[in-house]
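Okay, protein-v6.pdb is below, PDB, C-alpha atoms, pLDDT in the B column:
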ATOM      1  CA  MET A   1      -4.965 134.139 151.080  1.00 58.00           C
ATOM      2  CA  GLN A   2      -8.140 135.956 151.907  1.00 67.00           C
ATOM      3  CA  LEU A   3      -8.004 135.003 155.578  1.00 70.00           C
ATOM      4  CA  ASP A   4      -4.382 136.105 156.055  1.00 71.00           C
ATOM      5  CA  LYS A   5      -5.557 139.495 157.276  1.00 72.00           C
ATOM      6  CA  LEU A   6      -7.642 137.684 159.919  1.00 76.00           C
ATOM      7  CA  ARG A   7      -4.988 135.166 160.931  1.00 79.00           C
ATOM      8  CA  GLY A   8      -4.382 135.404 164.631  1.00 79.00           C
ATOM      9  CA  ASP A   9      -7.807 136.921 165.327  1.00 84.00           C
ATOM     10  CA  ARG A  10      -8.809 135.449 168.673  1.00 91.00           C
ATOM     11  CA  THR A  11     -12.468 134.931 167.797  1.00 93.00           C
ATOM     12  CA  LEU A  12     -11.737 133.300 164.437  1.00 91.00           C
ATOM     13  CA  ASN A  13      -9.179 131.011 166.063  1.00 93.00           C
ATOM     14  CA  GLN A  14     -11.798 130.147 168.678  1.00 96.00           C
ATOM     15  CA  LEU A  15     -14.284 129.235 165.928  1.00 96.00           C
ATOM     16  CA  PHE A  16     -11.774 126.973 164.165  1.00 95.00           C
ATOM     17  CA  GLU A  17     -10.767 125.357 167.469  1.00 97.00           C
ATOM     18  CA  ALA A  18     -14.444 124.747 168.226  1.00 98.00           C
ATOM     19  CA  ILE A  19     -14.949 123.068 164.850  1.00 98.00           C
ATOM     20  CA  LEU A  20     -11.934 120.855 165.477  1.00 98.00           C
ATOM     21  CA  GLN A  21     -13.588 119.645 168.707  1.00 98.00           C
ATOM     22  CA  LEU A  22     -16.530 118.123 166.830  1.00 98.00           C
ATOM     23  CA  GLN A  23     -16.249 114.353 166.647  1.00 98.00           C
ATOM     24  CA  THR A  24     -19.377 113.098 164.886  1.00 98.00           C
ATOM     25  CA  ILE A  25     -21.750 114.150 162.136  1.00 97.00           C
ATOM     26  CA  GLU A  26     -24.467 114.548 164.784  1.00 98.00           C
ATOM     27  CA  GLU A  27     -22.252 116.936 166.777  1.00 98.00           C
ATOM     28  CA  CYS A  28     -21.701 118.915 163.569  1.00 98.00           C
ATOM     29  CA  TYR A  29     -25.447 119.150 163.020  1.00 98.00           C
ATOM     30  CA  GLN A  30     -25.936 120.358 166.593  1.00 98.00           C
ATOM     31  CA  PHE A  31     -23.202 122.984 166.455  1.00 98.00           C
ATOM     32  CA  PHE A  32     -23.885 124.301 162.965  1.00 98.00           C
ATOM     33  CA  ASP A  33     -27.636 124.404 163.595  1.00 98.00           C
ATOM     34  CA  ASP A  34     -26.915 126.887 166.376  1.00 98.00           C
ATOM     35  CA  LEU A  35     -24.156 128.707 164.506  1.00 98.00           C
ATOM     36  CA  ALA A  36     -25.493 129.289 161.006  1.00 98.00           C
ATOM     37  CA  THR A  37     -28.688 129.591 159.016  1.00 98.00           C
ATOM     38  CA  VAL A  38     -29.919 126.798 156.776  1.00 97.00           C
ATOM     39  CA  ASN A  39     -29.131 128.952 153.724  1.00 98.00           C
ATOM     40  CA  GLU A  40     -25.562 129.604 154.888  1.00 97.00           C
ATOM     41  CA  LEU A  41     -24.936 125.897 155.408  1.00 98.00           C
ATOM     42  CA  GLN A  42     -26.510 124.969 152.092  1.00 98.00           C
ATOM     43  CA  SER A  43     -24.310 127.538 150.357  1.00 98.00           C
ATOM     44  CA  LEU A  44     -21.148 126.092 151.921  1.00 98.00           C
ATOM     45  CA  ALA A  45     -22.205 122.534 151.085  1.00 98.00           C
ATOM     46  CA  GLN A  46     -23.013 123.599 147.523  1.00 98.00           C
ATOM     47  CA  ARG A  47     -19.544 125.101 147.049  1.00 98.00           C
ATOM     48  CA  LEU A  48     -17.886 121.917 148.256  1.00 98.00           C
ATOM     49  CA  GLU A  49     -20.002 119.860 145.854  1.00 98.00           C
ATOM     50  CA  VAL A  50     -19.130 122.246 143.015  1.00 98.00           C
ATOM     51  CA  ALA A  51     -15.438 121.750 143.826  1.00 98.00           C
ATOM     52  CA  ARG A  52     -15.878 117.977 143.848  1.00 98.00           C
ATOM     53  CA  MET A  53     -17.628 118.058 140.474  1.00 98.00           C
ATOM     54  CA  LEU A  54     -15.045 120.412 138.956  1.00 98.00           C
ATOM     55  CA  ARG A  55     -12.272 118.047 139.995  1.00 97.00           C
ATOM     56  CA  LYS A  56     -14.142 115.267 138.220  1.00 97.00           C
ATOM     57  CA  LYS A  57     -14.187 117.447 135.070  1.00 97.00           C
ATOM     58  CA  HIS A  58     -17.947 118.005 134.975  1.00 98.00           C
ATOM     59  CA  THR A  59     -19.095 120.838 132.742  1.00 98.00           C
ATOM     60  CA  TYR A  60     -20.504 124.081 134.059  1.00 97.00           C
ATOM     61  CA  SER A  61     -23.934 123.123 132.711  1.00 98.00           C
ATOM     62  CA  GLN A  62     -23.820 119.739 134.484  1.00 98.00           C
ATOM     63  CA  ILE A  63     -22.775 121.393 137.737  1.00 98.00           C
ATOM     64  CA  GLU A  64     -25.409 124.107 137.407  1.00 98.00           C
ATOM     65  CA  ALA A  65     -28.129 121.507 136.750  1.00 98.00           C
ATOM     66  CA  ASP A  66     -27.069 119.166 139.581  1.00 98.00           C
ATOM     67  CA  THR A  67     -26.326 121.744 142.283  1.00 98.00           C
ATOM     68  CA  GLY A  68     -28.294 124.844 141.343  1.00 97.00           C
ATOM     69  CA  ALA A  69     -25.095 126.867 141.653  1.00 98.00           C
ATOM     70  CA  SER A  70     -24.769 129.975 139.528  1.00 98.00           C
ATOM     71  CA  THR A  71     -22.024 130.231 136.944  1.00 97.00           C
ATOM     72  CA  ALA A  72     -20.498 132.971 139.129  1.00 97.00           C
ATOM     73  CA  THR A  73     -20.271 130.545 142.061  1.00 98.00           C
ATOM     74  CA  ILE A  74     -18.851 127.820 139.842  1.00 98.00           C
ATOM     75  CA  SER A  75     -16.248 130.242 138.473  1.00 98.00           C
ATOM     76  CA  ARG A  76     -15.271 131.384 141.957  1.00 97.00           C
ATOM     77  CA  VAL A  77     -14.828 127.811 143.162  1.00 98.00           C
ATOM     78  CA  LYS A  78     -12.817 126.964 140.031  1.00 98.00           C
ATOM     79  CA  ARG A  79     -10.566 129.970 140.667  1.00 97.00           C
ATOM     80  CA  CYS A  80      -9.994 128.735 144.227  1.00 95.00           C
ATOM     81  CA  LEU A  81      -9.177 125.241 142.952  1.00 96.00           C
ATOM     82  CA  ASN A  82      -6.689 126.631 140.453  1.00 95.00           C
ATOM     83  CA  TYR A  83      -5.175 129.560 142.327  1.00 94.00           C
ATOM     84  CA  GLY A  84      -6.292 129.257 145.944  1.00 92.00           C
ATOM     85  CA  THR A  85      -4.633 127.802 149.002  1.00 93.00           C
ATOM     86  CA  ASP A  86      -5.536 124.180 148.177  1.00 95.00           C
ATOM     87  CA  GLY A  87      -8.133 123.976 150.934  1.00 96.00           C
ATOM     88  CA  TYR A  88     -10.722 122.304 148.722  1.00 97.00           C
ATOM     89  CA  ASN A  89      -8.183 119.764 147.469  1.00 97.00           C
ATOM     90  CA  LEU A  90      -6.972 119.028 150.991  1.00 97.00           C
ATOM     91  CA  VAL A  91     -10.474 118.230 152.226  1.00 97.00           C
ATOM     92  CA  LEU A  92     -11.655 116.403 149.112  1.00 97.00           C
ATOM     93  CA  ASP A  93      -8.520 114.231 149.066  1.00 97.00           C
ATOM     94  CA  ARG A  94      -9.126 113.276 152.685  1.00 96.00           C
ATOM     95  CA  LEU A  95     -12.798 112.536 152.043  1.00 96.00           C
ATOM     96  CA  ASN A  96     -11.800 110.182 149.211  1.00 89.00           C
ATOM     97  CA  LYS A  97      -9.500 108.066 151.410  1.00 77.00           C
TER
END

Can the structure in the file be given as structure tokens, please?
Amino acid sequence: MQLDKLRGDRTLNQLFEAILQLQTIEECYQFFDDLATVNELQSLAQRLEVARMLRKKHTYSQIEADTGASTATISRVKRCLNYGTDGYNLVLDRLNK
């Protein structure tokens, strides 16, 4: 896991605890508007959409056309889906319930 070396870091734990306090989409917009740039948020949202599309067996060219993601980004997300810590699958499974 990439974050293993940061596990236990007080400030990272504080960030995750803060995110867990958010209760509505509007609260998320408020917090993330202060926390991150528009480009950073769009990049994170794009990666999640790439993961969703990969799970649905879309082709790289379909994903690239629909999301604007580079093939490098698509490959990285695919590697995480196949060999990562299952974070994408955890979230996407919960979103589909």

Residues at most 9 Å from region 76-91 of chain A, counting only C-alpha atoms, excluding those fewer than 5 positions away in the same chain, as an mmCIF file with C-alpha atoms, keeping the file's coordinate frame?
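Final output, saved to selection.cif:
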data_model
loop_
_atom_site.group_PDB
_atom_site.id
_atom_site.type_symbol
_atom_site.label_atom_id
_atom_site.label_comp_id
_atom_site.auth_asym_id
_atom_site.auth_seq_id
_atom_site.Cartn_x
_atom_site.Cartn_y
_atom_site.Cartn_z
ATOM 1 C CA MET A 1 -4.965 134.139 151.080
ATOM 2 C CA ARG A 47 -19.544 125.101 147.049
ATOM 3 C CA LEU A 48 -17.886 121.917 148.256
ATOM 4 C CA VAL A 50 -19.130 122.246 143.015
ATOM 5 C CA ALA A 51 -15.438 121.750 143.826
ATOM 6 C CA ARG A 52 -15.878 117.977 143.848
ATOM 7 C CA LEU A 54 -15.045 120.412 138.956
ATOM 8 C CA ARG A 55 -12.272 118.047 139.995
ATOM 9 C CA THR A 71 -22.024 130.231 136.944
ATOM 10 C CA ASN A 96 -11.800 110.182 149.211
#

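Counting from CA of Thr37 (chain A), the distance to CA of Tyr60 (chain A) is 26.8 Å.
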
Please identify all polymer residues within 8 Å of Ile63 (chain A), counting all atoms listed in the file, omitting same-chain residues fewer than 4 positions from it, and present them as a PyMOL selection string.
-> chain A and resi 50+53-54+58-59+67-69+74

Length of the CA of Lys5 (chain A) to CA of Val38 (chain A) vector [Å] |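 If I compute the distance from CA of Lys5 (chain A) to CA of Val38 (chain A), I get 27.5 Å.
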
Measuring atom to atom with all atoms listed in the file, identify which of A:Asp9, A:Gln46, A:Gln62, A:Leu15 is nearest to Phe32 (chain A).
-> A:Leu15

Length of the CA of Ser70 (chain A) to CA of Lys97 (chain A) vector [Å] | 29.2 Å
